[in-house]
file my_file-v8.cif (mmCIF, C-alpha atoms)
data_entry
loop_
_atom_site.group_PDB
_atom_site.id
_atom_site.type_symbol
_atom_site.label_atom_id
_atom_site.label_comp_id
_atom_site.auth_asym_id
_atom_site.auth_seq_id
_atom_site.Cartn_x
_atom_site.Cartn_y
_atom_site.Cartn_z
ATOM 1 C CA MET M 1 51.163 -57.306 62.197
ATOM 2 C CA SER M 2 51.500 -59.698 65.119
ATOM 3 C CA TYR M 3 51.784 -63.446 64.706
ATOM 4 C CA GLN M 4 52.461 -66.526 66.814
ATOM 5 C CA LYS M 5 55.078 -69.047 65.795
ATOM 6 C CA LEU M 6 54.108 -72.706 65.774
ATOM 7 C CA SER M 7 55.452 -74.854 68.602
ATOM 8 C CA ARG M 8 57.429 -78.001 67.852
ATOM 9 C CA ASP M 9 54.359 -80.079 68.639
ATOM 10 C CA GLN M 10 52.210 -77.976 66.319
ATOM 11 C CA ILE M 11 54.721 -78.494 63.499
ATOM 12 C CA ALA M 12 54.677 -82.253 64.139
ATOM 13 C CA LYS M 13 50.876 -82.297 64.126
ATOM 14 C CA ARG M 14 50.816 -80.386 60.841
ATOM 15 C CA VAL M 15 53.205 -82.844 59.161
ATOM 16 C CA ALA M 16 51.125 -85.785 60.391
ATOM 17 C CA GLN M 17 48.148 -84.440 58.427
ATOM 18 C CA ASP M 18 50.067 -84.851 55.148
ATOM 19 C CA ILE M 19 51.148 -88.477 55.606
ATOM 20 C CA PRO M 20 48.854 -90.695 53.518
ATOM 21 C CA ASP M 21 47.261 -93.976 54.475
ATOM 22 C CA GLY M 22 49.546 -96.952 53.848
ATOM 23 C CA ALA M 23 52.769 -94.929 53.810
ATOM 24 C CA TYR M 24 56.123 -96.258 55.024
ATOM 25 C CA VAL M 25 57.768 -93.369 56.853
ATOM 26 C CA ASN M 26 61.089 -92.721 58.582
ATOM 27 C CA LEU M 27 61.037 -90.101 61.334
ATOM 28 C CA GLY M 28 64.436 -88.493 61.902
ATOM 29 C CA ILE M 29 65.950 -87.662 65.278
ATOM 30 C CA GLY M 30 64.560 -84.649 67.146
ATOM 31 C CA LEU M 31 61.371 -82.875 66.163
ATOM 32 C CA PRO M 32 60.315 -85.484 63.537
ATOM 33 C CA THR M 33 59.953 -88.181 66.226
ATOM 34 C CA LYS M 34 57.070 -86.167 67.725
ATOM 35 C CA ILE M 35 55.004 -86.907 64.606
ATOM 36 C CA ALA M 36 54.344 -90.416 65.949
ATOM 37 C CA ASN M 37 52.153 -88.825 68.641
ATOM 38 C CA TYR M 38 49.815 -87.214 66.100
ATOM 39 C CA LEU M 39 49.208 -89.850 63.427
ATOM 40 C CA PRO M 40 45.445 -90.360 62.947
ATOM 41 C CA ASP M 41 43.917 -93.626 64.160
ATOM 42 C CA ASP M 42 41.984 -94.082 60.918
ATOM 43 C CA LYS M 43 45.166 -94.463 58.850
ATOM 44 C CA ASP M 44 47.591 -97.380 58.656
ATOM 45 C CA ILE M 45 51.021 -95.709 58.657
ATOM 46 C CA PHE M 46 54.146 -97.821 59.058
ATOM 47 C CA LEU M 47 56.921 -96.024 60.916
ATOM 48 C CA HIS M 48 60.510 -97.073 60.236
ATOM 49 C CA SER M 49 63.513 -96.360 62.444
ATOM 50 C CA GLU M 50 67.042 -96.729 61.092
ATOM 51 C CA ASN M 51 68.194 -98.753 64.097
ATOM 52 C CA GLY M 52 65.910 -101.582 62.903
ATOM 53 C CA LEU M 53 62.209 -101.084 63.685
ATOM 54 C CA LEU M 54 59.144 -101.159 61.453
ATOM 55 C CA ALA M 55 55.540 -100.397 62.474
ATOM 56 C CA PHE M 56 56.219 -98.849 65.859
ATOM 57 C CA GLY M 57 53.882 -96.575 67.743
ATOM 58 C CA PRO M 58 53.934 -93.682 70.224
ATOM 59 C CA PRO M 59 55.845 -93.668 73.522
ATOM 60 C CA PRO M 60 54.692 -96.104 76.213
ATOM 61 C CA ALA M 61 53.010 -95.060 79.433
ATOM 62 C CA ALA M 62 55.273 -94.239 82.363
ATOM 63 C CA SER M 63 56.741 -97.362 84.001
ATOM 64 C CA GLU M 64 55.890 -99.469 80.924
ATOM 65 C CA GLU M 65 59.080 -98.700 78.977
ATOM 66 C CA ASP M 66 60.938 -101.595 77.363
ATOM 67 C CA PRO M 67 64.686 -100.834 77.210
ATOM 68 C CA GLU M 68 64.953 -102.927 74.033
ATOM 69 C CA LEU M 69 62.328 -100.879 72.188
ATOM 70 C CA ILE M 70 63.829 -97.510 71.282
ATOM 71 C CA ASN M 71 63.934 -95.405 68.138
ATOM 72 C CA ALA M 72 67.014 -93.880 66.498
ATOM 73 C CA GLY M 73 66.831 -90.969 68.939
ATOM 74 C CA LYS M 74 67.075 -93.387 71.900
ATOM 75 C CA GLU M 75 63.462 -92.636 72.860
ATOM 76 C CA PHE M 76 61.151 -95.380 74.117
ATOM 77 C CA VAL M 77 58.492 -96.546 71.652
ATOM 78 C CA THR M 78 55.752 -99.165 71.480
ATOM 79 C CA MET M 79 55.276 -101.778 68.773
ATOM 80 C CA LEU M 80 52.038 -102.054 66.840
ATOM 81 C CA GLU M 81 50.437 -105.386 65.976
ATOM 82 C CA GLY M 82 52.468 -106.922 63.164
ATOM 83 C CA GLY M 83 55.475 -104.710 63.866
ATOM 84 C CA SER M 84 58.999 -106.087 63.615
ATOM 85 C CA PHE M 85 62.618 -105.424 64.473
ATOM 86 C CA PHE M 86 65.674 -106.503 62.523
ATOM 87 C CA HIS M 87 69.382 -106.029 61.839
ATOM 88 C CA HIS M 88 70.752 -102.528 61.313
ATOM 89 C CA GLY M 89 72.101 -103.564 57.903
ATOM 90 C CA ASP M 90 68.659 -104.690 56.745
ATOM 91 C CA SER M 91 67.245 -101.382 57.906
ATOM 92 C CA PHE M 92 69.727 -99.439 55.773
ATOM 93 C CA ALA M 93 68.931 -101.686 52.811
ATOM 94 C CA MET M 94 65.312 -100.544 53.151
ATOM 95 C CA MET M 95 66.437 -96.927 53.223
ATOM 96 C CA ARG M 96 68.809 -97.195 50.272
ATOM 97 C CA GLY M 97 66.558 -99.427 48.206
ATOM 98 C CA GLY M 98 63.738 -96.951 47.715
ATOM 99 C CA HIS M 99 61.320 -98.753 50.039
ATOM 100 C CA LEU M 100 60.385 -95.702 52.137
ATOM 101 C CA ASP M 101 57.656 -93.379 50.914
ATOM 102 C CA ILE M 102 58.610 -90.422 53.121
ATOM 103 C CA ALA M 103 61.567 -89.402 55.285
ATOM 104 C CA VAL M 104 61.005 -86.542 57.712
ATOM 105 C CA LEU M 105 64.303 -84.884 58.659
ATOM 106 C CA GLY M 106 65.610 -81.829 60.458
ATOM 107 C CA ALA M 107 67.852 -79.271 58.773
ATOM 108 C CA PHE M 108 70.560 -76.685 59.327
ATOM 109 C CA GLN M 109 69.884 -75.261 55.851
ATOM 110 C CA VAL M 110 67.679 -75.940 52.829
ATOM 111 C CA ALA M 111 68.549 -74.348 49.484
ATOM 112 C CA ALA M 112 66.091 -72.976 46.941
ATOM 113 C CA ASN M 113 66.700 -75.976 44.650
ATOM 114 C CA GLY M 114 66.037 -78.518 47.418
ATOM 115 C CA ASP M 115 69.634 -79.163 48.487
ATOM 116 C CA LEU M 116 69.817 -80.213 52.151
ATOM 117 C CA ALA M 117 72.424 -79.643 54.864
ATOM 118 C CA ASN M 118 71.654 -81.324 58.183
ATOM 119 C CA TRP M 119 74.707 -83.178 59.462
ATOM 120 C CA HIS M 120 77.412 -80.572 60.044
ATOM 121 C CA THR M 121 77.661 -76.785 60.222
ATOM 122 C CA GLY M 122 81.293 -76.836 59.167
ATOM 123 C CA ALA M 123 82.377 -75.151 62.400
ATOM 124 C CA PRO M 124 85.737 -76.471 63.685
ATOM 125 C CA ASP M 125 84.283 -77.432 67.089
ATOM 126 C CA ALA M 126 81.023 -78.916 65.736
ATOM 127 C CA ILE M 127 80.397 -82.630 66.193
ATOM 128 C CA PRO M 128 79.475 -84.321 62.883
ATOM 129 C CA ALA M 129 76.229 -86.296 63.142
ATOM 130 C CA VAL M 130 75.439 -87.745 59.744
ATOM 131 C CA GLY M 131 73.830 -90.995 60.940
ATOM 132 C CA GLY M 132 71.564 -92.262 58.177
ATOM 133 C CA ALA M 133 70.650 -88.805 56.877
ATOM 134 C CA MET M 134 72.415 -89.180 53.520
ATOM 135 C CA ASP M 135 70.848 -92.581 52.929
ATOM 136 C CA LEU M 136 67.380 -91.243 53.734
ATOM 137 C CA ALA M 137 67.816 -88.073 51.688
ATOM 138 C CA VAL M 138 68.517 -90.006 48.493
ATOM 139 C CA GLY M 139 66.630 -93.229 49.242
ATOM 140 C CA ALA M 140 63.181 -92.026 50.303
ATOM 141 C CA LYS M 141 60.629 -91.250 47.597
ATOM 142 C CA LYS M 142 59.815 -87.927 49.300
ATOM 143 C CA VAL M 143 61.744 -85.856 51.854
ATOM 144 C CA PHE M 144 59.923 -83.546 54.271
ATOM 145 C CA ILE M 145 61.923 -81.102 56.409
ATOM 146 C CA THR M 146 60.909 -79.796 59.835
ATOM 147 C CA THR M 147 62.843 -76.815 61.155
ATOM 148 C CA ASP M 148 62.699 -73.382 62.731
ATOM 149 C CA HIS M 149 62.520 -70.753 60.024
ATOM 150 C CA VAL M 150 65.597 -68.942 61.362
ATOM 151 C CA THR M 151 68.475 -69.819 63.678
ATOM 152 C CA LYS M 152 68.702 -68.677 67.284
ATOM 153 C CA GLN M 153 70.843 -65.840 65.944
ATOM 154 C CA GLY M 154 68.106 -64.843 63.489
ATOM 155 C CA GLU M 155 69.886 -66.128 60.359
ATOM 156 C CA PRO M 156 67.724 -67.689 57.617
ATOM 157 C CA LYS M 157 67.768 -71.476 57.390
ATOM 158 C CA ILE M 158 66.140 -71.409 53.955
ATOM 159 C CA VAL M 159 68.781 -69.984 51.643
ATOM 160 C CA ALA M 160 69.590 -69.408 47.973
ATOM 161 C CA GLU M 161 72.573 -71.783 48.148
ATOM 162 C CA LEU M 162 73.977 -73.943 50.949
ATOM 163 C CA THR M 163 76.956 -72.688 52.911
ATOM 164 C CA TYR M 164 77.115 -75.816 55.104
ATOM 165 C CA PRO M 165 78.319 -79.282 54.017
ATOM 166 C CA VAL M 166 75.768 -81.011 51.776
ATOM 167 C CA THR M 167 73.694 -83.983 52.942
ATOM 168 C CA GLY M 168 71.783 -84.494 49.684
ATOM 169 C CA LYS M 169 71.294 -82.575 46.447
ATOM 170 C CA GLN M 170 67.844 -81.555 45.177
ATOM 171 C CA CYS M 171 66.212 -84.032 47.552
ATOM 172 C CA VAL M 172 63.762 -81.900 49.565
ATOM 173 C CA ASP M 173 60.094 -81.878 48.537
ATOM 174 C CA ARG M 174 58.417 -79.888 51.312
ATOM 175 C CA ILE M 175 59.554 -77.708 54.225
ATOM 176 C CA TYR M 176 57.570 -77.233 57.444
ATOM 177 C CA THR M 177 58.778 -74.373 59.636
ATOM 178 C CA ASP M 178 57.395 -72.591 62.680
ATOM 179 C CA LEU M 179 56.111 -69.903 60.281
ATOM 180 C CA CYS M 180 54.974 -71.643 57.088
ATOM 181 C CA VAL M 181 54.791 -74.642 54.771
ATOM 182 C CA ILE M 182 56.806 -74.450 51.546
ATOM 183 C CA ASP M 183 56.762 -76.737 48.509
ATOM 184 C CA VAL M 184 60.073 -77.067 46.649
ATOM 185 C CA THR M 185 59.171 -77.015 42.943
ATOM 186 C CA GLN M 186 60.884 -76.572 39.598
ATOM 187 C CA ASP M 187 59.425 -73.058 39.544
ATOM 188 C CA GLY M 188 60.836 -72.173 42.956
ATOM 189 C CA LEU M 189 59.860 -72.169 46.628
ATOM 190 C CA LYS M 190 56.072 -71.951 46.862
ATOM 191 C CA VAL M 191 54.578 -70.891 50.194
ATOM 192 C CA ILE M 192 51.319 -72.834 50.527
ATOM 193 C CA GLU M 193 50.560 -71.900 54.158
ATOM 194 C CA LYS M 194 51.748 -69.353 56.699
ATOM 195 C CA VAL M 195 50.804 -68.601 60.279
ATOM 196 C CA GLU M 196 47.945 -66.201 60.866
ATOM 197 C CA GLY M 197 48.980 -62.565 61.139
ATOM 198 C CA LEU M 198 52.258 -63.013 59.225
ATOM 199 C CA SER M 199 52.414 -61.099 55.958
ATOM 200 C CA PHE M 200 54.170 -62.522 52.912
ATOM 201 C CA ASP M 201 56.616 -59.599 52.931
ATOM 202 C CA GLU M 202 57.517 -60.318 56.573
ATOM 203 C CA LEU M 203 58.082 -63.975 55.740
ATOM 204 C CA GLN M 204 60.236 -63.078 52.737
ATOM 205 C CA ALA M 205 62.372 -60.789 54.929
ATOM 206 C CA LEU M 206 63.136 -63.777 57.192
ATOM 207 C CA THR M 207 64.106 -66.010 54.255
ATOM 208 C CA GLY M 208 67.410 -66.146 52.406
ATOM 209 C CA ALA M 209 65.868 -67.264 49.108
ATOM 210 C CA THR M 210 63.111 -65.897 46.881
ATOM 211 C CA LEU M 211 59.655 -67.153 47.783
ATOM 212 C CA ILE M 212 56.500 -67.488 45.677
ATOM 213 C CA ASP M 213 53.178 -66.722 47.348
ATOM 214 C CA ALA M 214 50.871 -69.655 46.578
ATOM 215 C CA THR M 215 48.531 -69.094 49.532
ATOM 216 C CA GLN M 216 45.941 -67.251 47.466
ATOM 217 C CA GLY M 217 43.179 -69.101 45.655
#

call {"tool": "encode", "arguments": {"input": "my_file-v8.cif", "output": "structure tokens"}}
result
Amino acid sequence: MSYQKLSRDQIAKRVAQDIPDGAYVNLGIGLPTKIANYLPDDKDIFLHSENGLLAFGPPPAASEEDPELINAGKEFVTMLEGGSFFHHGDSFAMMRGGHLDIAVLGAFQVAANGDLANWHTGAPDAIPAVGGAMDLAVGAKKVFITTDHVTKQGEPKIVAELTYPVTGKQCVDRIYTDLCVIDVTQDGLKVIEKVEGLSFDELQALTGATLIDATQG
């Protein structure tokens, strides 16, 4: 069967649909920052950035960028009415203190039990980039992961056990890939959505951990 992978923007748009009204949300560097472009206007969602922003909005129009208003990925943002900026230390206190409802992060690997690896591949020449990932992984009430389903070399990123250095243990609640959406549960990895034309067996063959098909009914 033929199928079309989701683009990075399509993944971001899909995640945005699951963020509830009134949520305080941290968007990690990379793909997660795109989610700000797709948040519905009829919901009040408060975006947090670890460099010290709360209640920021999408990127500004060209030529209207403010060099003092950037997110953790060094991308220009706008501030919503009532938004604020503050010291980096206060921002991490929010992250560590359980004040964020959702953190959306990227990943190198996610294990079947929800363990996350997203700061280092362990390769000798790799540049470690932990940032605030560990704080978010354990501090946020829920952790959503956005990632390609496999690496550029075709290796599974969803695995039975991590082989890369751990960011957080049993912290992941939901995984959004370019092929599917997976809930991490006590019963295992439940596939709740997959792209049209992709069979469950094909998806399982691209995954390094056992999946449960929850797309029926």

call {"tool": "residues_around", "arguments": {"input": "my_file-v8.cif", "residues": "range 22-34 of chain M", "least_positions_apart": "2", "cutoff": "6 Å", "atoms": "only C-alpha atoms", "output": "list in words"}}
result
Ala12, Pro20, Ala36, Asn37, Asp44, Ile45, Phe46, Leu47, His48, Ser49, Gly73, Leu100, Asp101, Ile102, Ala103, Val104 and Leu105 of chain M

call {"tool": "resolve_selection", "arguments": {"input": "my_file-v8.cif", "expression": "the PyMOL selection byres ((chain M and resi 86-98) around 9)", "output": "list in words"}}
result
Asn26, His48, Ser49, Glu50, Asn51, Gly52, Leu53, Leu54, Ser84, Phe85, His99, Leu100, Asp101, Gly132, Asp135, Leu136, Val138, Gly139, Ala140 and Lys141 of chain M

call {"tool": "write_last_selection", "arguments": {"input": "my_file-v8.cif", "atoms": "C-alpha atoms", "output": "short mmCIF file (atom, residue, chain, number, x, y, z; two decimals), in the frame of the given file"}}
result
data_model
loop_
_atom_site.label_atom_id
_atom_site.label_comp_id
_atom_site.auth_asym_id
_atom_site.auth_seq_id
_atom_site.Cartn_x
_atom_site.Cartn_y
_atom_site.Cartn_z
CA ASN M 26 61.09 -92.72 58.58
CA HIS M 48 60.51 -97.07 60.24
CA SER M 49 63.51 -96.36 62.44
CA GLU M 50 67.04 -96.73 61.09
CA ASN M 51 68.19 -98.75 64.10
CA GLY M 52 65.91 -101.58 62.90
CA LEU M 53 62.21 -101.08 63.68
CA LEU M 54 59.14 -101.16 61.45
CA SER M 84 59.00 -106.09 63.62
CA PHE M 85 62.62 -105.42 64.47
CA HIS M 99 61.32 -98.75 50.04
CA LEU M 100 60.38 -95.70 52.14
CA ASP M 101 57.66 -93.38 50.91
CA GLY M 132 71.56 -92.26 58.18
CA ASP M 135 70.85 -92.58 52.93
CA LEU M 136 67.38 -91.24 53.73
CA VAL M 138 68.52 -90.01 48.49
CA GLY M 139 66.63 -93.23 49.24
CA ALA M 140 63.18 -92.03 50.30
CA LYS M 141 60.63 -91.25 47.60
#

call {"tool": "closest_residue", "arguments": {"input": "my_file-v8.cif", "among": "M:Gly208, M:Gly131, M:Gly82, M:Gly114", "to": "Asp187 in chain M", "atoms": "all atoms listed in the file"}}
result
M:Gly114

call {"tool": "residues_around", "arguments": {"input": "my_file-v8.cif", "residues": "Gly83 in chain M", "least_positions_apart": "3", "cutoff": "7 Å", "atoms": "all atoms listed in the file", "output": "ChimeraX atom specification"}}
result
/M:54-56,79-80

call {"tool": "residues_around", "arguments": {"input": "my_file-v8.cif", "residues": "Asn118 in chain M", "least_positions_apart": "6", "cutoff": "10 Å", "atoms": "only C-alpha atoms", "output": "PyMOL selection string"}}
result
chain M and resi 105-110+128-130+133-134+145+164-168

call {"tool": "resolve_selection", "arguments": {"input": "my_file-v8.cif", "expression": "the PyMOL selection byres ((chain M and resi 216) around 12)", "output": "ChimeraX atom specification"}}
result
/M:190-194,200,212-215,217

call {"tool": "atom_distance", "arguments": {"input": "my_file-v8.cif", "atom1": "CA of Ile127 in chain M", "atom2": "CA of Lys152 in chain M"}}
result
18.2 Å

call {"tool": "closest_residue", "arguments": {"input": "my_file-v8.cif", "among": "M:Ile19, M:Gln186, M:Ser199, M:Ala62", "to": "Val143 in chain M", "atoms": "only C-alpha atoms"}}
result
M:Ile19

call {"tool": "resolve_selection", "arguments": {"input": "my_file-v8.cif", "expression": "the PyMOL selection byres ((chain M and resi 178) around 8)", "output": "list in words"}}
result
Lys5, Leu6, Ser7, Arg8, Ile11, Thr147, Asp148, His149, Tyr176, Thr177, Leu179 and Cys180 of chain M

call {"tool": "atom_distance", "arguments": {"input": "my_file-v8.cif", "atom1": "CA of Lys142 in chain M", "atom2": "CA of Lys43 in chain M"}}
result
18.7 Å

call {"tool": "atom_distance", "arguments": {"input": "my_file-v8.cif", "atom1": "CA of Pro67 in chain M", "atom2": "CA of Gln10 in chain M"}}
result
28.2 Å

call {"tool": "residues_around", "arguments": {"input": "my_file-v8.cif", "residues": "Gly188 in chain M", "least_positions_apart": "5", "cutoff": "9 Å", "atoms": "only C-alpha atoms", "output": "count of residues only"}}
result
6

call {"tool": "residues_around", "arguments": {"input": "my_file-v8.cif", "residues": "Phe144 in chain M", "least_positions_apart": "3", "cutoff": "6 Å", "atoms": "only C-alpha atoms", "output": "PyMOL selection string"}}
result
chain M and resi 104+173-175

call {"tool": "build_atoms", "arguments": {"input": "my_file-v8.cif", "residues": "range 45-56 of chain M", "atoms": "all heavy atoms", "output": "short mmCIF file (atom, residue, chain, number, x, y, z; two decimals), keeping the file's coordinate frame"}}
result
data_model
loop_
_atom_site.label_atom_id
_atom_site.label_comp_id
_atom_site.auth_asym_id
_atom_site.auth_seq_id
_atom_site.Cartn_x
_atom_site.Cartn_y
_atom_site.Cartn_z
N ILE M 45 49.74 -96.31 59.03
CA ILE M 45 51.02 -95.71 58.66
C ILE M 45 52.12 -96.50 59.34
O ILE M 45 52.08 -96.74 60.55
CB ILE M 45 51.07 -94.22 59.06
CG1 ILE M 45 50.04 -93.44 58.24
CG2 ILE M 45 52.48 -93.65 58.86
CD1 ILE M 45 49.85 -92.01 58.70
N PHE M 46 53.11 -96.93 58.56
CA PHE M 46 54.15 -97.82 59.06
C PHE M 46 55.43 -97.03 59.30
O PHE M 46 56.10 -96.61 58.35
CB PHE M 46 54.38 -98.95 58.05
CG PHE M 46 53.12 -99.71 57.73
CD1 PHE M 46 52.35 -99.35 56.64
CD2 PHE M 46 52.71 -100.77 58.52
CE1 PHE M 46 51.18 -100.04 56.33
CE2 PHE M 46 51.55 -101.47 58.23
CZ PHE M 46 50.77 -101.10 57.14
N LEU M 47 55.74 -96.81 60.56
CA LEU M 47 56.92 -96.02 60.92
C LEU M 47 58.17 -96.90 60.94
O LEU M 47 58.16 -98.00 61.49
CB LEU M 47 56.73 -95.36 62.28
CG LEU M 47 55.60 -94.33 62.36
CD1 LEU M 47 55.54 -93.74 63.77
CD2 LEU M 47 55.78 -93.23 61.32
N HIS M 48 59.22 -96.37 60.34
CA HIS M 48 60.51 -97.07 60.24
C HIS M 48 61.56 -96.29 61.01
O HIS M 48 61.59 -95.05 60.96
CB HIS M 48 60.91 -97.18 58.76
CG HIS M 48 62.32 -97.64 58.55
ND1 HIS M 48 63.40 -96.78 58.53
CD2 HIS M 48 62.82 -98.89 58.33
CE1 HIS M 48 64.50 -97.46 58.31
NE2 HIS M 48 64.18 -98.74 58.18
N SER M 49 62.40 -97.00 61.74
CA SER M 49 63.51 -96.36 62.44
C SER M 49 64.81 -97.01 61.99
O SER M 49 64.88 -98.25 61.87
CB SER M 49 63.35 -96.51 63.96
OG SER M 49 64.37 -95.80 64.64
N GLU M 50 65.83 -96.21 61.73
CA GLU M 50 67.04 -96.73 61.09
C GLU M 50 67.80 -97.73 61.95
O GLU M 50 68.63 -98.48 61.45
CB GLU M 50 67.96 -95.58 60.68
CG GLU M 50 68.55 -94.81 61.82
CD GLU M 50 69.31 -93.58 61.33
OE1 GLU M 50 68.71 -92.71 60.69
OE2 GLU M 50 70.51 -93.51 61.61
N ASN M 51 67.52 -97.76 63.26
CA ASN M 51 68.19 -98.75 64.10
C ASN M 51 67.53 -100.13 64.00
O ASN M 51 67.98 -101.07 64.64
CB ASN M 51 68.27 -98.29 65.55
CG ASN M 51 66.89 -98.01 66.14
OD1 ASN M 51 66.05 -97.37 65.51
ND2 ASN M 51 66.66 -98.45 67.36
N GLY M 52 66.46 -100.27 63.18
CA GLY M 52 65.91 -101.58 62.90
C GLY M 52 64.53 -101.85 63.44
O GLY M 52 64.26 -102.92 63.99
N LEU M 53 63.60 -100.90 63.27
CA LEU M 53 62.21 -101.08 63.68
C LEU M 53 61.28 -100.75 62.52
O LEU M 53 61.55 -99.84 61.75
CB LEU M 53 61.84 -100.16 64.85
CG LEU M 53 62.56 -100.33 66.19
CD1 LEU M 53 62.09 -99.26 67.16
CD2 LEU M 53 62.31 -101.71 66.77
N LEU M 54 60.18 -101.48 62.43
CA LEU M 54 59.14 -101.16 61.45
C LEU M 54 57.78 -101.37 62.10
O LEU M 54 57.55 -102.39 62.75
CB LEU M 54 59.26 -102.04 60.21
CG LEU M 54 58.30 -101.71 59.06
CD1 LEU M 54 58.61 -100.32 58.49
CD2 LEU M 54 58.39 -102.75 57.96
N ALA M 55 56.90 -100.39 61.90
CA ALA M 55 55.54 -100.40 62.47
C ALA M 55 55.58 -100.24 63.99
O ALA M 55 55.05 -101.06 64.74
CB ALA M 55 54.77 -101.65 62.06
N PHE M 56 56.24 -99.16 64.43
CA PHE M 56 56.22 -98.85 65.86
C PHE M 56 55.24 -97.72 66.11
O PHE M 56 54.80 -97.02 65.20
CB PHE M 56 57.61 -98.51 66.39
CG PHE M 56 58.23 -97.26 65.83
CD1 PHE M 56 58.04 -96.03 66.46
CD2 PHE M 56 59.04 -97.30 64.71
CE1 PHE M 56 58.62 -94.88 65.97
CE2 PHE M 56 59.62 -96.15 64.20
CZ PHE M 56 59.41 -94.93 64.82
#
